[in-house]
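Below is the file protein23.cif, which contains mmCIF, C-alpha atoms.
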```cif
data_run
loop_
_atom_site.label_atom_id
_atom_site.label_comp_id
_atom_site.auth_asym_id
_atom_site.auth_seq_id
_atom_site.Cartn_x
_atom_site.Cartn_y
_atom_site.Cartn_z
CA MET A 1 0.00 0.00 0.00
CA THR A 2 1.40 3.36 -1.01
CA ILE A 3 1.06 6.69 0.76
CA GLN A 4 1.62 10.28 -0.33
CA THR A 5 3.36 12.72 1.99
CA VAL A 6 1.33 15.92 2.33
CA SER A 7 3.58 17.65 4.87
CA GLN A 8 6.30 16.97 7.45
CA ASN A 9 7.44 19.19 10.32
CA LYS A 10 9.99 18.51 13.03
CA SER A 11 8.61 18.90 16.54
CA HIS A 12 10.00 17.97 19.98
CA GLY A 13 12.80 16.04 18.26
CA GLY A 14 10.36 13.90 16.28
CA MET A 15 8.51 14.22 12.99
CA GLN A 16 4.89 15.28 12.56
CA GLY A 17 3.63 14.12 9.20
CA VAL A 18 0.36 14.30 7.28
CA TYR A 19 -0.25 11.63 4.67
CA LYS A 20 -2.82 10.64 2.06
CA HIS A 21 -3.70 7.30 0.47
CA ALA A 22 -6.37 5.67 -1.67
CA SER A 23 -8.52 3.62 0.70
CA ARG A 24 -9.91 0.29 -0.42
CA GLU A 25 -12.53 0.45 2.34
CA THR A 26 -13.99 3.91 1.75
CA ARG A 27 -13.20 4.03 -1.98
CA THR A 28 -11.92 7.56 -1.48
CA ASP A 29 -8.66 9.25 -0.67
CA MET A 30 -8.14 9.36 3.10
CA THR A 31 -5.86 11.75 4.99
CA PHE A 32 -4.29 10.95 8.36
CA SER A 33 -1.50 12.28 10.55
CA VAL A 34 1.34 10.43 12.28
CA PHE A 35 3.78 11.75 14.87
CA VAL A 36 6.94 9.66 15.20
CA PRO A 37 9.07 10.52 18.25
CA PRO A 38 12.88 10.43 18.23
CA HIS A 39 14.05 6.81 18.13
CA GLY A 40 16.91 4.49 17.29
CA LYS A 41 17.52 3.14 13.82
CA ASP A 42 15.88 -0.25 14.31
CA ALA A 43 13.36 0.68 17.00
CA LYS A 44 9.78 -0.57 16.93
CA LEU A 45 7.61 1.73 19.00
CA PRO A 46 4.22 1.42 20.69
CA VAL A 47 1.43 3.19 18.82
CA VAL A 48 -1.62 5.12 20.01
CA PHE A 49 -4.58 5.58 17.66
CA TYR A 50 -6.69 8.69 18.32
CA LEU A 51 -10.28 8.86 17.04
CA SER A 52 -11.75 12.35 16.69
CA GLY A 53 -15.28 13.64 17.20
CA LEU A 54 -18.09 15.12 15.13
CA THR A 55 -17.10 17.64 12.41
CA CYS A 56 -13.38 16.92 12.90
CA THR A 57 -10.67 15.81 10.51
CA HIS A 58 -7.18 14.59 11.40
CA ALA A 59 -6.21 18.25 11.75
CA ASN A 60 -8.11 19.09 14.94
CA VAL A 61 -6.05 16.97 17.30
CA THR A 62 -2.90 17.39 15.21
CA GLU A 63 -3.04 21.16 15.60
CA LYS A 64 -4.68 21.51 19.02
CA GLY A 65 -4.15 18.25 20.92
CA GLU A 66 -0.75 19.11 22.44
CA TYR A 67 0.41 15.49 22.47
CA ARG A 68 3.85 15.73 20.86
CA ARG A 69 5.92 16.61 23.93
CA ALA A 70 4.51 13.68 25.89
CA CYS A 71 4.86 11.31 22.93
CA SER A 72 8.51 12.30 22.50
CA GLU A 73 9.22 11.79 26.19
CA LEU A 74 7.39 8.46 26.30
CA GLY A 75 8.42 7.09 22.89
CA LEU A 76 4.89 6.80 21.49
CA VAL A 77 3.79 6.98 17.87
CA PHE A 78 0.50 8.94 17.61
CA VAL A 79 -1.88 8.31 14.70
CA ALA A 80 -4.95 10.44 13.91
CA PRO A 81 -7.28 9.43 11.04
CA ASP A 82 -10.16 11.38 9.56
CA THR A 83 -13.70 10.85 10.86
CA SER A 84 -15.41 9.98 7.57
CA PRO A 85 -14.84 9.49 3.87
CA ARG A 86 -14.85 12.69 1.83
CA GLY A 87 -15.22 13.63 -1.80
CA ALA A 88 -17.60 15.08 -4.38
CA ASP A 89 -19.44 11.77 -4.79
CA VAL A 90 -19.65 10.88 -1.08
CA PRO A 91 -23.19 11.36 0.28
CA GLY A 92 -23.71 13.55 3.33
CA ASP A 93 -26.61 14.57 5.49
CA PRO A 94 -29.57 15.57 3.24
CA LYS A 95 -30.00 18.76 5.28
CA ASN A 96 -26.25 19.38 5.64
CA ALA A 97 -26.43 18.86 9.39
CA TYR A 98 -23.16 18.52 11.30
CA ASP A 99 -24.06 15.33 13.16
CA PHE A 100 -24.40 12.88 10.27
CA GLY A 101 -22.57 12.15 7.04
CA LEU A 102 -19.40 14.06 6.22
CA GLY A 103 -17.27 14.44 9.34
CA ALA A 104 -19.58 12.13 11.27
CA GLY A 105 -18.88 8.53 10.23
CA PHE A 106 -19.42 7.22 13.79
CA TYR A 107 -16.83 4.47 13.25
CA VAL A 108 -19.29 1.96 11.80
CA ASP A 109 -19.53 0.05 8.52
CA ALA A 110 -22.77 1.36 7.03
CA THR A 111 -25.24 -1.13 5.62
CA GLU A 112 -27.89 1.33 4.41
CA PRO A 113 -27.90 3.06 1.00
CA PRO A 114 -26.53 5.43 -0.10
CA PHE A 115 -23.93 5.26 2.70
CA ALA A 116 -22.86 1.60 2.50
CA LYS A 117 -20.50 2.18 -0.44
CA ASN A 118 -18.18 4.66 1.31
CA TYR A 119 -18.92 4.76 5.04
CA ARG A 120 -16.77 1.87 6.22
CA MET A 121 -14.96 3.60 9.04
CA TRP A 122 -14.99 0.57 11.35
CA SER A 123 -13.01 -1.53 8.89
CA TYR A 124 -10.83 1.46 8.06
CA VAL A 125 -9.69 2.21 11.63
CA THR A 126 -9.51 -1.40 12.86
CA ASP A 127 -7.95 -3.07 9.81
CA GLU A 128 -6.80 -0.99 6.85
CA LEU A 129 -5.16 1.93 8.65
CA PRO A 130 -3.27 -0.12 11.29
CA LYS A 131 -1.80 -2.31 8.53
CA LEU A 132 -0.82 0.77 6.52
CA VAL A 133 0.83 2.37 9.55
CA ALA A 134 2.70 -0.83 10.39
CA GLU A 135 4.01 -1.01 6.82
CA HIS A 136 5.31 2.56 6.63
CA PHE A 137 6.25 3.59 10.17
CA PRO A 138 8.44 2.15 12.96
CA VAL A 139 5.64 0.69 15.07
CA ASP A 140 5.23 -2.51 17.04
CA PRO A 141 1.77 -3.90 16.12
CA SER A 142 1.73 -5.97 19.31
CA ARG A 143 1.70 -2.75 21.36
CA GLN A 144 -1.34 -0.75 20.26
CA SER A 145 -3.79 1.37 22.21
CA VAL A 146 -6.75 3.57 21.34
CA LEU A 147 -8.29 6.77 22.68
CA GLY A 148 -10.77 9.28 21.37
CA HIS A 149 -13.04 12.25 21.97
CA SER A 150 -16.84 12.42 21.91
CA MET A 151 -17.90 10.41 18.81
CA GLY A 152 -14.30 9.20 18.76
CA GLY A 153 -14.54 8.26 22.42
CA HIS A 154 -17.49 6.09 21.44
CA GLY A 155 -15.32 4.63 18.70
CA ALA A 156 -12.34 4.01 20.96
CA LEU A 157 -14.32 2.19 23.64
CA THR A 158 -16.25 0.02 21.19
CA VAL A 159 -13.10 -0.81 19.21
CA ALA A 160 -11.38 -1.91 22.41
CA LEU A 161 -14.30 -3.99 23.66
CA ARG A 162 -14.58 -5.85 20.36
CA ASN A 163 -10.81 -6.31 19.93
CA ARG A 164 -9.62 -7.03 23.46
CA ASP A 165 -6.60 -9.04 22.33
CA ARG A 166 -5.31 -6.27 20.04
CA TYR A 167 -5.34 -3.19 22.26
CA ARG A 168 -3.46 -2.92 25.53
CA ALA A 169 -5.22 0.24 26.70
CA ALA A 170 -8.29 2.33 25.91
CA SER A 171 -9.37 5.73 27.20
CA ALA A 172 -11.68 8.55 26.19
CA PHE A 173 -12.46 12.24 26.56
CA ALA A 174 -16.18 12.98 26.90
CA PRO A 175 -17.32 9.85 25.05
CA ILE A 176 -20.81 9.10 23.77
CA VAL A 177 -21.13 5.94 25.85
CA ALA A 178 -24.65 4.83 24.89
CA PRO A 179 -25.41 6.05 21.35
CA SER A 180 -28.53 3.88 21.17
CA GLN A 181 -30.05 6.07 23.87
CA VAL A 182 -29.10 9.62 22.81
CA PRO A 183 -30.03 11.86 19.84
CA TRP A 184 -26.65 11.90 18.08
CA GLY A 185 -26.36 8.14 18.21
CA ILE A 186 -29.97 7.34 17.33
CA LYS A 187 -29.67 9.48 14.20
CA ALA A 188 -26.30 8.04 13.18
CA LEU A 189 -26.90 4.37 13.94
CA GLY A 190 -30.35 4.46 12.35
CA GLY A 191 -29.05 6.23 9.27
CA TYR A 192 -26.05 3.98 8.76
CA LEU A 193 -27.33 0.63 10.06
CA GLY A 194 -31.10 0.80 9.62
CA ASP A 195 -34.03 0.52 11.99
CA GLU A 196 -33.19 -2.88 13.52
CA LYS A 197 -31.84 -1.79 16.89
CA GLN A 198 -30.23 -5.14 17.64
CA ALA A 199 -27.63 -4.27 14.98
CA TRP A 200 -26.82 -1.08 16.89
CA ARG A 201 -25.69 -2.90 20.02
CA LYS A 202 -22.24 -3.86 18.71
CA HIS A 203 -21.54 -0.12 18.28
CA ASP A 204 -22.76 0.91 21.73
CA THR A 205 -20.32 0.71 24.66
CA VAL A 206 -22.96 0.21 27.33
CA ALA A 207 -24.82 -2.38 25.25
CA LEU A 208 -21.61 -4.27 24.45
CA ILE A 209 -20.81 -4.52 28.16
CA GLU A 210 -24.37 -5.62 28.91
CA ASP A 211 -24.00 -8.29 26.23
CA GLY A 212 -20.80 -9.67 27.77
CA ALA A 213 -17.91 -7.77 26.15
CA ARG A 214 -15.04 -7.02 28.52
CA PHE A 215 -11.83 -4.97 28.67
CA PRO A 216 -9.25 -4.85 31.49
CA GLU A 217 -9.91 -1.21 32.44
CA PHE A 218 -10.89 2.20 31.11
CA LEU A 219 -9.88 5.80 31.81
CA VAL A 220 -12.54 8.41 30.99
CA ASP A 221 -12.49 12.18 31.57
CA TYR A 222 -15.36 14.60 31.07
CA GLY A 223 -15.99 18.21 32.02
CA ASP A 224 -18.86 19.26 34.22
CA ALA A 225 -19.32 22.36 32.03
CA ASP A 226 -19.70 20.25 28.88
CA GLN A 227 -22.76 21.51 27.00
CA PHE A 228 -23.51 17.99 25.74
CA LEU A 229 -23.07 16.18 29.05
CA ASN A 230 -26.62 15.35 30.05
CA GLU A 231 -28.26 14.91 26.64
CA GLN A 232 -25.58 13.20 24.56
CA LEU A 233 -22.74 11.81 26.70
CA ARG A 234 -24.40 10.24 29.77
CA PRO A 235 -21.22 9.02 31.56
CA GLU A 236 -23.31 7.71 34.47
CA LEU A 237 -24.57 4.94 32.16
CA LEU A 238 -21.00 3.77 31.60
CA LYS A 239 -20.31 3.86 35.33
CA THR A 240 -23.33 1.66 36.05
CA ALA A 241 -22.49 -0.80 33.27
CA CYS A 242 -18.85 -1.13 34.37
CA GLU A 243 -19.84 -1.61 38.01
CA LYS A 244 -22.24 -4.42 37.10
CA ALA A 245 -19.61 -6.08 34.89
CA ASN A 246 -16.71 -5.57 37.34
CA ILE A 247 -14.74 -3.60 34.75
CA PRO A 248 -12.35 -1.16 36.48
CA LEU A 249 -13.26 2.36 35.39
CA THR A 250 -11.44 5.54 36.34
CA LEU A 251 -14.14 8.14 35.64
CA ARG A 252 -12.95 11.69 36.33
CA ARG A 253 -15.31 14.67 36.42
CA GLN A 254 -13.19 17.72 35.64
CA SER A 255 -14.54 20.93 37.18
CA GLY A 256 -15.17 23.83 34.83
CA TYR A 257 -14.11 22.11 31.59
CA ASP A 258 -16.25 22.00 28.46
CA HIS A 259 -16.24 19.84 25.32
CA SER A 260 -13.44 21.66 23.50
CA TYR A 261 -9.78 21.01 22.78
CA TYR A 262 -8.88 23.26 25.69
CA PHE A 263 -10.21 20.40 27.80
CA ILE A 264 -8.61 17.65 25.73
CA SER A 265 -5.17 19.28 25.58
CA THR A 266 -5.20 19.83 29.34
CA PHE A 267 -5.51 16.12 30.10
CA MET A 268 -3.86 14.62 27.01
CA GLY A 269 -0.56 14.16 28.86
CA ASP A 270 -2.31 12.26 31.66
CA HIS A 271 -3.87 9.88 29.16
CA LEU A 272 -0.66 9.31 27.24
CA HIS A 273 1.29 8.52 30.42
CA TRP A 274 -1.50 6.11 31.39
CA HIS A 275 -1.30 4.45 27.95
CA ALA A 276 2.49 4.28 28.04
CA THR A 277 2.49 2.38 31.33
CA ARG A 278 0.26 -0.29 29.81
CA LEU A 279 1.93 -0.35 26.40
CA LYS A 280 5.36 -0.88 27.92
CA SER A 281 4.46 -3.33 30.67
#
```
Any chance you could put this one into structure tokens?
Amino acid sequence: MTIQTVSQNKSHGGMQGVYKHASRETRTDMTFSVFVPPHGKDAKLPVVFYLSGLTCTHANVTEKGEYRRACSELGLVFVAPDTSPRGADVPGDPKNAYDFGLGAGFYVDATEPPFAKNYRMWSYVTDELPKLVAEHFPVDPSRQSVLGHSMGGHGALTVALRNRDRYRAASAFAPIVAPSQVPWGIKALGGYLGDEKQAWRKHDTVALIEDGARFPEFLVDYGDADQFLNEQLRPELLKTACEKANIPLTLRRQSGYDHSYYFISTFMGDHLHWHATRLKS
């Protein structure tokens, strides 16, 4: 698989790159970013995949996530894909809403027309992209972890629960923990997967746990000033599900923080140190 280099910039002794490739899953060009910390010639480094939220591209966390210093200190490769396929022929929300379609792939493989052709973000982030990264960058595929924000927090937790043997750690900022029960998720899962709600459960963190999926532990942060907290995020549902399933959950309510990258960048270092401990153990 070939990739095209869009840009490269040295930062904190490492290299921040942006790359493009033709995706077999989405049938479009996909852009992603990779930060590679300073390393020895033959090193194989642990890798953290970051899944972004609604309306985002790879650029949001790349430009505002403030992860490079920690990744350089800890020796972590940081990978940030886009959140949906894009292109002139890719269908979006019929009313051009921000919460469905372009920039809002919800990390599922769509089964409903006209989205099924291109919206295969589950297969893209769990299969195609990790293989591409392993081919072109100095990563150790046996040491992977995943984190994300909002819609991407939903993606990170569901990816981990359904691939327990692949990921050594999973965490999230302000995740949508029960999309089957909140407006963003009901719209997205119904639009991509159809009206049969049983099909939604494998893309719902709380439902997956209720149905028997397990992961060693989770770290989740959210802000008590988050404007989406009570309607869309519902972290208390994750707490209840993890307690019933005996899944260790560190759930931190951060006073005064909202849903923005000011919040994410503040606690990004905490999450990366937490991941590094588990990736290097």
Can you work out the spacing between atom CA of A:Arg253 and atom CA of A:Arg278 in Å, to one decimal? 22.6 Å
Residue with smallest distance to A:Lys117 - pool A:Lys41, A:Arg27, A:Lys244, A:Lys187, counting all atoms listed in the file: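 Ranking A:Lys41, A:Arg27, A:Lys244, A:Lys187 by distance to A:Lys117, first place goes to A:Arg27.
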Picked residues, the PyMOL selection byres ((chain A and resi 143) around 9), expected as a ChimeraX atom specification: /A:45-48,139-142,144-145,166-168,278-280
Quick one: residues within 8 Å of stretch 51-56 of chain A, all atoms listed in the file, excluding same-chain residues fewer than 4 positions away - as a VMD selection string? chain A and resid 60 to 61 80 to 83 98 to 99 102 to 104 146 to 153 155 to 156
In Å to one decimal, how far is atom CA of A:Leu229 from atom CA of A:Leu208?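 Rounded to one decimal, the two atoms are 21.0 Å apart.
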From (-18.6, 9.1, -1.1), in the file's coordinates, out to 12 Å: which residues are reached, counting only C-alpha atoms? Answer as a PyMOL selection string. chain A and resi 23+25-30+84-93+101-103+105+110+113-120
Pick out the closest residue to A:Met1 from this set: A:Ala169, A:Leu132, A:Ala213, A:Ala59. Count only C-alpha atoms. A:Leu132
Excluding A:Pro138 and its own-chain neighbours fewer than 5 positions away, which residues fall within 9 Å of it when counting only C-alpha atoms? Please give them as a PDB file with C-alpha atoms, in the frame of the given file.
```pdb
ATOM      1  CA  VAL A  36       6.940   9.660  15.200  1.00  0.00           C
ATOM      2  CA  HIS A  39      14.050   6.810  18.130  1.00  0.00           C
ATOM      3  CA  ASP A  42      15.880  -0.250  14.310  1.00  0.00           C
ATOM      4  CA  ALA A  43      13.360   0.680  17.000  1.00  0.00           C
ATOM      5  CA  LYS A  44       9.780  -0.570  16.930  1.00  0.00           C
ATOM      6  CA  LEU A  45       7.610   1.730  19.000  1.00  0.00           C
ATOM      7  CA  PRO A  46       4.220   1.420  20.690  1.00  0.00           C
ATOM      8  CA  VAL A  77       3.790   6.980  17.870  1.00  0.00           C
ATOM      9  CA  VAL A 133       0.830   2.370   9.550  1.00  0.00           C
TER      10      VAL A 133
END
```
For A:Leu161, please output as a ChimeraX atom specification all residues within 8 Å (counting all atoms listed in the file; exclusion window: fewer than 2 positions along the same chain). /A:157-159,163-164,205,208-209,213-215
I need the residue nearest A:Asp221 from this list: A:Met121, A:Ala70, A:Ile264, A:Leu193. Use only C-alpha atoms for the distance.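 Between A:Met121, A:Ala70, A:Ile264, A:Leu193, the residue approaching A:Asp221 most closely is A:Ile264.
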Quick one: residues within 8 Å of stretch 4-7 of chain A, all atoms listed in the file, excluding same-chain residues fewer than 5 positions away - as an MDAnalysis selection string? chainID A and resid 17:21
Sphere at (-13.1, 5.4, 39.3), radius 9 Å, counting only C-alpha atoms: residues as a list in words: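 Residues with an atom at most 9 Å from (-13.1, 5.4, 39.3): Leu219, Val220, Lys239, Pro248, Leu249, Thr250, Leu251 and Arg252 of chain A.
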Separation of atom CA of A:Asp211 from atom CA of A:Phe228 in Å: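 Calculated distance between atom CA of A:Phe228 and atom CA of A:Asp211 is 26.3 Å.
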I need the residue nearest A:Ile186 from this list: A:Phe173, A:Tyr261, A:Tyr67, A:Phe106. Use all atoms listed in the file for the distance.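 Among the listed residues, the smallest separation from A:Ile186 belongs to A:Phe106.
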Mind dumping a table of every stretch 43-117 of chain A residue within 10 Å of stretch 200-204 of chain A, with the nearest atom pair and its distance in Å to one decimal, using all atoms listed in the file, sorted by chain and rising number, as CSV?
```
residue,atom,partner,partner_atom,distance
A:Phe106,CA,A:His203,CA,8.9
A:Tyr107,CA,A:His203,CA,8.3
A:Val108,CA,A:His203,CA,7.2
A:Asp109,CA,A:His203,CA,10.0
```
